[in-house]
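J.: Below you'll find query.cif; it's mmCIF, C-alpha atoms and all ligand atoms.
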```cif
data_coords
loop_
_atom_site.label_atom_id
_atom_site.label_comp_id
_atom_site.auth_asym_id
_atom_site.auth_seq_id
_atom_site.Cartn_x
_atom_site.Cartn_y
_atom_site.Cartn_z
CA MET Z 1 116.38 174.58 168.99
CA ARG Z 2 114.82 173.24 165.78
CA LYS Z 3 111.71 174.97 164.54
CA LEU Z 4 108.50 173.24 163.53
CA ALA Z 5 105.83 175.37 161.87
CA VAL Z 6 102.23 174.22 162.18
CA ILE Z 7 100.14 175.58 159.34
CA HIS Z 8 96.83 173.94 159.94
CA HIS Z 9 93.16 174.80 160.39
CA HIS Z 10 93.37 173.12 163.83
CA PHE Z 11 96.69 174.68 164.78
CA LYS Z 12 95.31 175.73 168.18
CA ASP Z 13 94.92 172.06 169.08
CA TYR Z 14 98.12 170.84 167.47
CA VAL Z 15 100.62 173.45 168.70
CA PRO Z 16 100.28 172.70 172.45
CA ALA Z 17 100.04 168.96 171.80
CA LEU Z 18 103.21 168.95 169.67
CA ARG Z 19 105.06 171.10 172.23
CA GLU Z 20 104.11 168.70 174.94
CA ALA Z 21 105.07 165.67 172.84
CA GLU Z 22 108.53 167.07 172.06
CA PRO Z 23 109.52 169.97 174.35
CA ARG Z 24 112.90 170.30 172.63
CA LEU Z 25 111.19 171.85 169.60
CA ASP Z 26 110.26 175.46 168.98
CA VAL Z 27 106.69 174.99 167.69
CA ARG Z 28 104.61 177.86 166.32
CA GLY Z 29 101.36 177.73 164.43
CA TRP Z 30 99.00 179.63 162.17
CA HIS Z 31 95.80 179.05 160.29
CA PRO Z 32 96.55 178.42 156.57
CA ARG Z 33 94.56 181.59 155.77
CA ASP Z 34 96.65 183.80 158.06
CA VAL Z 35 100.27 182.83 157.62
CA PRO Z 36 102.17 186.02 158.53
CA ASP Z 37 105.22 187.48 156.92
CA ASP Z 38 107.34 186.31 159.83
CA PRO Z 39 111.14 185.80 159.52
CA TRP Z 40 110.78 182.85 161.94
CA LEU Z 41 109.19 180.87 159.10
CA ALA Z 42 112.30 181.26 156.94
CA GLU Z 43 114.25 179.56 159.73
CA ALA Z 44 111.85 176.64 160.26
CA GLU Z 45 113.14 173.22 159.25
CA GLY Z 46 109.87 171.36 159.81
CA LEU Z 47 106.27 171.85 158.68
CA PHE Z 48 103.19 170.11 160.04
CA THR Z 49 100.33 170.70 157.65
CA TRP Z 50 97.44 169.42 155.57
CA LYS Z 51 97.03 171.57 152.45
CA ILE Z 52 100.05 173.78 151.82
CA PRO Z 53 99.05 177.41 151.23
CA PRO Z 54 100.26 178.75 147.87
CA GLY Z 55 103.75 180.26 148.00
CA LEU Z 56 104.51 178.95 151.51
CA LEU Z 57 107.31 176.61 150.51
CA GLN Z 58 109.25 179.39 148.78
CA ARG Z 59 109.19 181.22 152.09
CA MET Z 60 110.71 178.26 153.94
CA PRO Z 61 114.18 177.78 152.39
CA ARG Z 62 115.46 175.66 155.29
CA LEU Z 63 112.59 173.19 155.18
CA ALA Z 64 113.76 169.56 155.54
CA TRP Z 65 110.61 167.73 156.67
CA ILE Z 66 106.91 167.99 155.92
CA GLN Z 67 104.61 165.97 158.17
CA ASN Z 68 101.19 165.53 156.62
CA SER Z 69 98.46 165.61 159.25
CA GLY Z 70 96.61 162.64 157.78
CA ALA Z 71 96.91 159.38 155.89
CA GLY Z 72 96.10 160.53 152.34
CA MET Z 73 98.75 162.28 150.27
CA ASP Z 74 96.80 162.92 147.07
CA HIS Z 75 96.42 166.64 147.85
CA LEU Z 76 100.23 166.99 147.95
CA VAL Z 77 101.03 165.18 144.71
CA ASN Z 78 101.11 168.31 142.56
CA GLU Z 79 102.86 170.50 145.12
CA PRO Z 80 106.28 171.72 144.00
CA ILE Z 81 108.06 170.09 146.94
CA PRO Z 82 111.83 169.98 146.37
CA PRO Z 83 113.06 166.35 146.24
CA GLY Z 84 115.38 166.74 149.25
CA ILE Z 85 112.48 167.33 151.64
CA ALA Z 86 111.24 164.23 153.47
CA VAL Z 87 107.46 163.98 153.41
CA THR Z 88 105.74 161.71 155.90
CA ARG Z 89 102.12 160.71 156.34
CA ALA Z 90 100.24 159.79 159.49
CA ASP Z 91 97.76 156.99 159.52
CA GLY Z 92 97.71 157.10 163.30
CA GLN Z 93 94.86 155.15 164.75
CA PHE Z 94 92.84 155.30 161.54
CA GLY Z 95 93.00 151.54 161.10
CA PHE Z 96 91.15 150.96 164.37
CA TRP Z 97 88.60 153.65 163.61
CA MET Z 98 87.94 152.46 160.10
CA ALA Z 99 87.70 148.89 161.30
CA ARG Z 100 85.04 149.99 163.79
CA TYR Z 101 83.26 151.90 161.05
CA THR Z 102 83.25 148.95 158.66
CA VAL Z 103 82.15 146.48 161.31
CA ALA Z 104 79.42 148.81 162.56
CA HIS Z 105 77.90 149.17 159.10
CA LEU Z 106 78.22 145.52 158.21
CA LEU Z 107 76.68 144.39 161.50
CA THR Z 108 73.86 146.86 161.12
CA GLU Z 109 72.88 144.83 158.07
CA ALA Z 110 73.68 141.38 159.37
CA GLN Z 111 71.91 141.87 162.70
CA CYS Z 112 68.84 143.37 160.94
CA MET Z 113 69.07 146.52 163.03
CA ALA Z 114 66.78 148.64 160.85
CA GLU Z 115 64.13 145.91 160.77
CA CYS Z 116 64.35 145.46 164.56
CA ARG Z 117 63.89 149.19 165.13
CA ALA Z 118 60.95 149.26 162.72
CA ALA Z 119 59.35 146.28 164.45
CA GLN Z 120 59.90 147.89 167.86
CA ALA Z 121 58.27 151.09 166.71
CA GLU Z 122 55.19 149.04 165.80
CA ARG Z 123 55.39 146.94 169.05
CA ARG Z 124 55.61 143.94 166.78
CA TRP Z 125 57.42 140.72 167.84
CA SER Z 126 59.21 139.91 164.61
CA ARG Z 127 61.15 136.68 164.20
CA LEU Z 128 64.12 138.18 162.45
CA VAL Z 129 67.07 135.86 161.91
CA PRO Z 130 70.47 137.55 161.79
CA GLU Z 131 72.64 136.81 158.80
CA ASP Z 132 75.51 134.41 159.49
CA LEU Z 133 78.68 136.11 158.27
CA THR Z 134 80.85 133.09 159.04
CA GLY Z 135 82.96 132.09 156.07
CA GLN Z 136 81.61 134.85 153.86
CA LEU Z 137 84.13 136.63 151.71
CA ALA Z 138 85.49 140.09 152.57
CA LEU Z 139 87.78 141.86 150.11
CA VAL Z 140 89.90 144.75 151.33
CA TYR Z 141 91.40 146.83 148.55
CA GLY Z 142 94.40 148.74 149.90
CA PHE Z 143 96.09 146.54 152.46
CA GLY Z 144 98.58 148.73 154.29
CA ARG Z 145 98.33 149.45 158.01
CA ILE Z 146 94.74 150.64 157.72
CA GLY Z 147 93.47 147.91 155.42
CA ARG Z 148 95.06 145.20 157.51
CA GLN Z 149 93.38 146.47 160.67
CA ILE Z 150 90.04 146.42 158.88
CA GLY Z 151 90.85 142.91 157.65
CA ARG Z 152 91.59 141.74 161.20
CA ALA Z 153 88.32 143.09 162.50
CA LEU Z 154 86.36 141.41 159.71
CA ARG Z 155 88.19 138.16 160.37
CA GLU Z 156 87.11 138.40 164.02
CA LEU Z 157 83.52 138.48 162.78
CA GLY Z 158 84.16 135.18 161.03
CA LEU Z 159 84.60 136.40 157.48
CA GLU Z 160 87.25 135.06 155.12
CA VAL Z 161 89.42 138.08 154.37
CA HIS Z 162 91.53 138.71 151.26
CA GLY Z 163 93.71 141.78 150.79
CA PHE Z 164 94.49 143.53 147.49
CA VAL Z 165 97.59 145.63 146.86
CA ARG Z 166 99.50 147.02 143.87
CA THR Z 167 101.77 144.01 143.61
CA ALA Z 168 100.83 140.58 145.00
CA ARG Z 169 103.04 139.44 147.88
CA ALA Z 170 103.33 136.57 150.28
CA ASP Z 171 101.80 137.53 153.60
CA PRO Z 172 101.95 135.54 156.83
CA GLU Z 173 98.47 136.57 157.93
CA PHE Z 174 96.12 136.89 154.96
CA PRO Z 175 95.97 135.94 151.30
CA VAL Z 176 97.10 139.10 149.50
CA HIS Z 177 96.53 139.50 145.77
CA ALA Z 178 97.44 141.98 143.08
CA GLY Z 179 94.84 144.71 142.64
CA TRP Z 180 94.05 143.68 139.06
CA GLU Z 181 92.66 140.37 140.35
CA LEU Z 182 89.87 142.06 142.28
CA GLY Z 183 87.21 141.56 139.61
CA SER Z 184 87.58 137.81 139.59
CA TRP Z 185 86.80 137.64 143.35
CA LEU Z 186 83.97 140.11 143.42
CA GLY Z 187 81.10 137.85 142.39
CA ARG Z 188 81.42 135.77 145.58
CA ALA Z 189 82.12 138.64 147.96
CA ARG Z 190 79.83 139.83 150.73
CA VAL Z 191 81.76 143.04 151.34
CA LEU Z 192 84.35 145.08 149.45
CA VAL Z 193 86.18 147.69 151.52
CA LEU Z 194 88.16 150.40 149.76
CA SER Z 195 91.01 151.66 151.92
CA ALA Z 196 93.46 152.53 149.17
CA PRO Z 197 95.13 155.87 148.51
CA LEU Z 198 94.08 157.90 145.50
CA THR Z 199 96.67 157.41 142.75
CA ALA Z 200 96.58 157.29 138.96
CA GLU Z 201 96.05 153.55 139.33
CA THR Z 202 93.17 153.64 141.82
CA ARG Z 203 91.21 156.59 140.43
CA GLY Z 204 87.94 155.26 139.01
CA LEU Z 205 88.67 151.72 140.17
CA VAL Z 206 85.04 150.95 140.93
CA ASP Z 207 83.38 151.59 137.60
CA ALA Z 208 80.70 149.92 135.49
CA GLY Z 209 83.17 147.28 134.31
CA LEU Z 210 84.11 146.19 137.82
CA LEU Z 211 80.58 146.46 139.18
CA ALA Z 212 79.33 144.18 136.41
CA GLN Z 213 81.26 141.43 138.21
CA ALA Z 214 79.67 142.14 141.62
CA GLY Z 215 76.88 140.12 143.19
CA PRO Z 216 73.54 141.40 144.51
CA ARG Z 217 74.53 140.80 148.15
CA LEU Z 218 77.72 142.83 147.94
CA THR Z 219 78.12 145.80 150.27
CA LEU Z 220 80.68 148.35 149.14
CA VAL Z 221 82.35 150.34 151.93
CA ASN Z 222 84.52 153.28 150.89
CA VAL Z 223 86.79 154.77 153.54
CA GLY Z 224 89.59 155.60 151.07
CA ARG Z 225 88.92 158.43 148.66
CA GLY Z 226 85.75 159.37 146.83
CA GLU Z 227 87.45 159.32 143.44
CA LEU Z 228 88.05 155.58 143.73
CA VAL Z 229 84.39 155.15 142.78
CA VAL Z 230 82.68 156.37 139.61
CA VAL Z 231 79.50 157.59 141.29
CA PRO Z 232 77.13 157.51 138.26
CA ASP Z 233 78.25 153.92 137.55
CA LEU Z 234 77.66 153.00 141.18
CA LEU Z 235 74.16 154.49 141.18
CA GLU Z 236 73.29 152.66 138.01
CA ALA Z 237 74.60 149.37 139.37
CA LEU Z 238 72.62 149.83 142.61
CA ASP Z 239 69.45 150.60 140.67
CA ARG Z 240 69.94 147.52 138.55
CA GLY Z 241 70.52 145.37 141.67
CA GLN Z 242 74.06 144.55 140.59
CA LEU Z 243 75.20 145.11 144.15
CA GLY Z 244 73.33 145.38 147.42
CA ARG Z 245 74.38 148.54 149.17
CA ALA Z 246 77.04 151.20 149.37
CA VAL Z 247 78.37 152.75 152.56
CA LEU Z 248 80.28 155.86 151.59
CA ASP Z 249 82.36 158.00 153.91
CA VAL Z 250 84.29 159.84 151.20
CA PHE Z 251 83.21 161.63 148.04
CA PRO Z 252 84.83 163.17 144.98
CA ARG Z 253 83.71 166.58 146.28
CA GLU Z 254 83.38 167.26 149.98
CA PRO Z 255 81.18 168.32 151.57
CA LEU Z 256 78.86 166.24 149.38
CA GLU Z 257 76.69 168.64 147.34
CA PRO Z 258 73.12 168.93 148.73
CA GLU Z 259 71.71 168.02 145.30
CA SER Z 260 73.65 164.73 145.09
CA GLU Z 261 71.45 161.72 144.40
CA LEU Z 262 73.48 159.76 146.92
CA TRP Z 263 71.79 161.47 149.90
CA GLY Z 264 68.37 160.06 149.19
CA HIS Z 265 69.22 156.73 147.61
CA PRO Z 266 67.66 153.86 149.59
CA LYS Z 267 70.67 151.62 149.08
CA VAL Z 268 73.29 154.20 150.02
CA VAL Z 269 74.55 155.24 153.42
CA VAL Z 270 76.27 158.63 153.41
CA THR Z 271 78.56 159.58 156.30
CA PRO Z 272 80.54 162.83 156.60
CA HIS Z 273 84.16 161.63 156.17
CA HIS Z 274 84.26 160.65 159.82
CA SER Z 275 85.50 157.07 159.66
CA GLY Z 276 89.01 158.12 160.73
CA PRO Z 277 88.96 161.25 162.87
CA SER Z 278 92.18 163.32 162.70
CA THR Z 279 92.94 164.77 166.10
CA PRO Z 280 96.22 165.24 167.98
CA ARG Z 281 95.31 162.22 170.09
CA GLN Z 282 95.15 160.05 166.96
CA ILE Z 283 98.02 161.55 165.01
CA ILE Z 284 100.75 162.40 167.52
CA PRO Z 285 101.53 158.90 168.85
CA ASP Z 286 102.11 157.88 165.25
CA ILE Z 287 104.64 160.64 164.54
CA LEU Z 288 106.40 160.65 167.91
CA GLU Z 289 109.51 158.85 166.69
CA ASN Z 290 109.97 161.32 163.85
CA LEU Z 291 109.36 164.28 166.17
CA ARG Z 292 112.16 162.94 168.35
CA ARG Z 293 114.43 162.36 165.36
CA PHE Z 294 113.68 165.81 164.01
CA ALA Z 295 114.51 167.43 167.38
CA GLU Z 296 117.80 165.52 167.45
CA GLY Z 297 118.66 166.27 163.81
CA ARG Z 298 118.53 162.57 162.87
CA PRO Z 299 117.06 161.24 159.59
CA ILE Z 300 113.28 161.05 159.34
CA LEU Z 301 111.81 157.54 159.06
CA ASP Z 302 109.44 156.20 156.36
CA PRO Z 303 109.18 159.16 153.99
CA VAL Z 304 106.54 158.57 151.32
CA ASP Z 305 107.42 157.60 147.79
CA ARG Z 306 106.09 160.61 145.95
CA GLY Z 307 106.30 158.76 142.64
CA LEU Z 308 103.81 156.21 143.92
CA GLY Z 309 101.72 158.81 145.72
CA TYR Z 310 101.80 157.16 149.17
C1 LIG Y 401 93.28 161.43 155.66
C2 LIG Y 401 91.88 161.84 155.71
O1 LIG Y 401 93.79 161.13 154.59
O2 LIG Y 401 91.47 162.39 156.73
O3 LIG Y 401 93.91 161.39 156.71
O4 LIG Y 401 91.15 161.63 154.75
#
```
Write out the structure in this file as structure tokens.
T.:
Amino acid sequence: MRKLAVIHHHFKDYVPALREAEPRLDVRGWHPRDVPDDPWLAEAEGLFTWKIPPGLLQRMPRLAWIQNSGAGMDHLVNEPIPPGIAVTRADGQFGFWMARYTVAHLLTEAQCMAECRAAQAERRWSRLVPEDLTGQLALVYGFGRIGRQIGRALRELGLEVHGFVRTARADPEFPVHAGWELGSWLGRARVLVLSAPLTAETRGLVDAGLLAQAGPRLTLVNVGRGELVVVPDLLEALDRGQLGRAVLDVFPREPLEPESELWGHPKVVVTPHHSGPSTPRQIIPDILENLRRFAEGRPILDPVDRGLGY
């Protein structure tokens, strides 16, 4: 029976769920803080984890597969993972969740929700006209499974959606451009959604230079990684009215420091990295095929390209 170690802060949720999903596996789990000196670990061929505790890999000489418990891989980039080990990510249902998140925040603006609540509180009949989003431009930077799902949801609201990826490609569903073209589209955009992984190329993408090309109605939504945005540049651009609003679910340091200016800024919405909840219910359906393959000793599908970082 092949062994899958679960080293995860939510191992108590994941171990029974993984056992149920693939009963042919011997699944055992520990909190990353309490990994024991157990000879079973040296036998394990699989590892389900988020951050790898220091020294763990050296104790797992038979390891052949690491399943990351989320979509982002940036925390694994500098891990000394031997090249023969397949590493897979899970974006699970994140696309649906992040689409809901993006739509919720955009509609809150377009439907004048805050103004309606304020008027209600004053028992005032206010003739507020919702904004018509039809035909307005939505740019989604990072157009893999997650970005595409966000794009589809925005298209359902009537927006014209364009995707941005590392290398431009023909796409049957949406216009998809190379990332470097983003700036030239920004001035006309109503919303820019960041759903890209953190890589050397995307770090600091939204900086003063890019924001100088934005328009005052632009809403920035970041569900990717905090480091995609240069926060001081963003604050300055918001203060100067170079863009309208920022909805941020991710931050360079999490939890966001209590003293951060972002908390109290009138044009910023801060949410606690909750746009794509990672739970067994979200993750396991996405990794089922590889769990099966692992149990049967067959090759793992879709390992990440660690050179690219996703
Ligand atoms: C992820 C995350 O990458 O939760 O999955 O941020």
J.: Could you please determine the separation between atom CA of Arg169 of chain Z and atom CA of Leu194 of chain Z in Å, to one decimal place?
T.: 18.6 Å
J.: Calculate how many Å separate atom CA of Pro272 of chain Z from atom CA of Gly158 of chain Z, rounding to one decimal.
T.: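 We find that atom CA of Pro272 of chain Z and atom CA of Gly158 of chain Z lie 28.2 Å from each other.
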J.: May I ask you to write as a compact mmCIF listing (two decimals) with C-alpha atoms, keeping the file's coordinate frame all residues lying at most 8 Å from ligand LIG 401 (chain Y), with only C-alpha atoms and all ligand atoms counted?
T.:
```
# COMPACT_ATOMS: atom_id res chain seq x y z
CA SER Z 69 98.46 165.61 159.25
CA GLY Z 70 96.61 162.64 157.78
CA ALA Z 71 96.91 159.38 155.89
CA GLY Z 72 96.10 160.53 152.34
CA MET Z 73 98.75 162.28 150.27
CA ALA Z 90 100.24 159.79 159.49
CA ASP Z 91 97.76 156.99 159.52
CA PHE Z 94 92.84 155.30 161.54
CA GLY Z 224 89.59 155.60 151.07
CA ARG Z 225 88.92 158.43 148.66
CA VAL Z 250 84.29 159.84 151.20
CA HIS Z 273 84.16 161.63 156.17
CA GLY Z 276 89.01 158.12 160.73
CA PRO Z 277 88.96 161.25 162.87
CA SER Z 278 92.18 163.32 162.70
```
J.: Using atom CA of Val6 of chain Z and atom CA of Glu45 of chain Z as the two end points, give the distance in Å to one decimal.
T.: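 So the two atoms, atom CA of Val6 of chain Z and atom CA of Glu45 of chain Z, lie 11.3 Å apart.
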J.: Using only C-alpha atoms for the distances, tell me which of Z:Gly204, Z:Pro32, Z:Gly84, Z:Pro197 is nearest to Lys51 of chain Z.
T.: Z:Pro32
J.: Residues within 8 Å of (101.2, 162.2, 163.7), file coordinates, counting only C-alpha atoms: what are they? Give the list as a ChimeraX atom specification.
T.: /Z:67-70,89-92,280,282-288
J.: Identify which of the residues Z:Pro83, Z:Pro216, Z:Gly147, Z:Gly46 lies closest to Phe96 of chain Z, counting only C-alpha atoms when measuring atom-to-atom distances.
T.: Z:Gly147
J.: I'd like the neighbourhood of Glu173 of chain Z as a PyMOL selection string, where a residue qualifies if any of its atoms comes within 10 Å (using all atoms listed in the file), though same-chain residues fewer than 5 positions away should be ignored.
T.: chain Z and resi 148+151-152+161-162
J.: At most 12 Å is the cut-off: for each residue in segment 146-254 of chain Z with any atom that close to an atom of segment 259-263 of chain Z, write down the nearest atom pair and the distance in Å rounded to one decimal, counting only C-alpha atoms, chain first then increasing number, as JSON lines.
T.:
```
{"residue": "Z:Val231", "atom": "CA", "partner": "Z:Leu262", "partner_atom": "CA", "distance": 8.5}
{"residue": "Z:Pro232", "atom": "CA", "partner": "Z:Glu261", "partner_atom": "CA", "distance": 9.4}
{"residue": "Z:Leu234", "atom": "CA", "partner": "Z:Leu262", "partner_atom": "CA", "distance": 9.8}
{"residue": "Z:Leu235", "atom": "CA", "partner": "Z:Leu262", "partner_atom": "CA", "distance": 7.8}
{"residue": "Z:Glu236", "atom": "CA", "partner": "Z:Glu261", "partner_atom": "CA", "distance": 11.2}
{"residue": "Z:Leu238", "atom": "CA", "partner": "Z:Leu262", "partner_atom": "CA", "distance": 10.9}
{"residue": "Z:Asp239", "atom": "CA", "partner": "Z:Leu262", "partner_atom": "CA", "distance": 11.8}
{"residue": "Z:Arg245", "atom": "CA", "partner": "Z:Leu262", "partner_atom": "CA", "distance": 11.5}
{"residue": "Z:Ala246", "atom": "CA", "partner": "Z:Leu262", "partner_atom": "CA", "distance": 9.6}
{"residue": "Z:Val247", "atom": "CA", "partner": "Z:Leu262", "partner_atom": "CA", "distance": 10.2}
{"residue": "Z:Leu248", "atom": "CA", "partner": "Z:Leu262", "partner_atom": "CA", "distance": 9.1}
{"residue": "Z:Asp249", "atom": "CA", "partner": "Z:Leu262", "partner_atom": "CA", "distance": 11.4}
{"residue": "Z:Val250", "atom": "CA", "partner": "Z:Leu262", "partner_atom": "CA", "distance": 11.6}
{"residue": "Z:Phe251", "atom": "CA", "partner": "Z:Leu262", "partner_atom": "CA", "distance": 10.0}
{"residue": "Z:Pro252", "atom": "CA", "partner": "Z:Ser260", "partner_atom": "CA", "distance": 11.3}
{"residue": "Z:Arg253", "atom": "CA", "partner": "Z:Ser260", "partner_atom": "CA", "distance": 10.3}
{"residue": "Z:Glu254", "atom": "CA", "partner": "Z:Ser260", "partner_atom": "CA", "distance": 11.2}
```
J.: Using only C-alpha atoms, find all polymer residues with an atom at most 9 Å away from the point (94.6, 145.6, 148.6); report them as a list in words.
T.: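 The residues that fall inside the cut-off are Leu139, Val140, Tyr141, Gly142, Phe143, Gly144, Gly147, Arg148, His162, Gly163, Phe164, Val165, Arg166, Thr167, Ala168, Val176, His177, Ala178, Gly179, Leu182, Leu194, Ser195 and Ala196 of chain Z.
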J.: From the block I gave, I'd like segment 164-179 of chain Z written with N, CA and C atoms, as a PDB file, in the first residue's frame.
T.:
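What landed in decode.pdb:
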```pdb
ATOM      1  N   PHE Z 164      -4.780  38.213 -20.088  1.00  0.00           N
ATOM      2  CA  PHE Z 164      -3.349  38.510 -20.271  1.00  0.00           C
ATOM      3  C   PHE Z 164      -2.532  37.366 -19.682  1.00  0.00           C
ATOM      4  N   VAL Z 165      -1.586  36.879 -20.489  1.00  0.00           N
ATOM      5  CA  VAL Z 165      -0.758  35.740 -20.072  1.00  0.00           C
ATOM      6  C   VAL Z 165       0.705  36.036 -20.434  1.00  0.00           C
ATOM      7  N   ARG Z 166       1.603  35.140 -20.052  1.00  0.00           N
ATOM      8  CA  ARG Z 166       3.025  35.374 -20.363  1.00  0.00           C
ATOM      9  C   ARG Z 166       3.243  35.573 -21.859  1.00  0.00           C
ATOM     10  N   THR Z 167       2.716  34.634 -22.635  1.00  0.00           N
ATOM     11  CA  THR Z 167       2.921  34.691 -24.080  1.00  0.00           C
ATOM     12  C   THR Z 167       1.561  34.698 -24.763  1.00  0.00           C
ATOM     13  N   ALA Z 168       1.330  35.682 -25.644  1.00  0.00           N
ATOM     14  CA  ALA Z 168       0.022  35.787 -26.302  1.00  0.00           C
ATOM     15  C   ALA Z 168      -0.292  34.483 -27.038  1.00  0.00           C
ATOM     16  N   ARG Z 169      -1.566  34.123 -27.073  1.00  0.00           N
ATOM     17  CA  ARG Z 169      -1.954  32.896 -27.786  1.00  0.00           C
ATOM     18  C   ARG Z 169      -3.356  33.057 -28.333  1.00  0.00           C
ATOM     19  N   ALA Z 170      -3.619  32.286 -29.387  1.00  0.00           N
ATOM     20  CA  ALA Z 170      -4.978  32.310 -29.931  1.00  0.00           C
ATOM     21  C   ALA Z 170      -5.863  31.550 -28.958  1.00  0.00           C
ATOM     22  N   ASP Z 171      -7.039  32.072 -28.709  1.00  0.00           N
ATOM     23  CA  ASP Z 171      -7.934  31.449 -27.745  1.00  0.00           C
ATOM     24  C   ASP Z 171      -9.337  31.450 -28.348  1.00  0.00           C
ATOM     25  N   PRO Z 172     -10.042  30.319 -28.261  1.00  0.00           N
ATOM     26  CA  PRO Z 172     -11.354  30.259 -28.905  1.00  0.00           C
ATOM     27  C   PRO Z 172     -12.416  31.094 -28.193  1.00  0.00           C
ATOM     28  N   GLU Z 173     -12.145  31.485 -26.964  1.00  0.00           N
ATOM     29  CA  GLU Z 173     -13.210  32.077 -26.149  1.00  0.00           C
ATOM     30  C   GLU Z 173     -13.046  33.567 -25.885  1.00  0.00           C
ATOM     31  N   PHE Z 174     -11.810  34.003 -25.713  1.00  0.00           N
ATOM     32  CA  PHE Z 174     -11.553  35.402 -25.324  1.00  0.00           C
ATOM     33  C   PHE Z 174     -10.334  35.921 -26.096  1.00  0.00           C
ATOM     34  N   PRO Z 175     -10.246  37.229 -26.301  1.00  0.00           N
ATOM     35  CA  PRO Z 175      -8.966  37.760 -26.763  1.00  0.00           C
ATOM     36  C   PRO Z 175      -7.940  37.612 -25.634  1.00  0.00           C
ATOM     37  N   VAL Z 176      -6.801  37.024 -25.962  1.00  0.00           N
ATOM     38  CA  VAL Z 176      -5.767  36.811 -24.937  1.00  0.00           C
ATOM     39  C   VAL Z 176      -4.464  37.438 -25.434  1.00  0.00           C
ATOM     40  N   HIS Z 177      -3.921  38.332 -24.628  1.00  0.00           N
ATOM     41  CA  HIS Z 177      -2.748  39.105 -25.028  1.00  0.00           C
ATOM     42  C   HIS Z 177      -1.537  38.752 -24.167  1.00  0.00           C
ATOM     43  N   ALA Z 178      -0.381  39.191 -24.658  1.00  0.00           N
ATOM     44  CA  ALA Z 178       0.837  39.031 -23.851  1.00  0.00           C
ATOM     45  C   ALA Z 178       0.792  40.026 -22.691  1.00  0.00           C
ATOM     46  N   GLY Z 179       1.315  39.597 -21.551  1.00  0.00           N
ATOM     47  CA  GLY Z 179       1.282  40.428 -20.354  1.00  0.00           C
ATOM     48  C   GLY Z 179       1.820  41.834 -20.563  1.00  0.00           C
TER      49      GLY Z 179
END
```
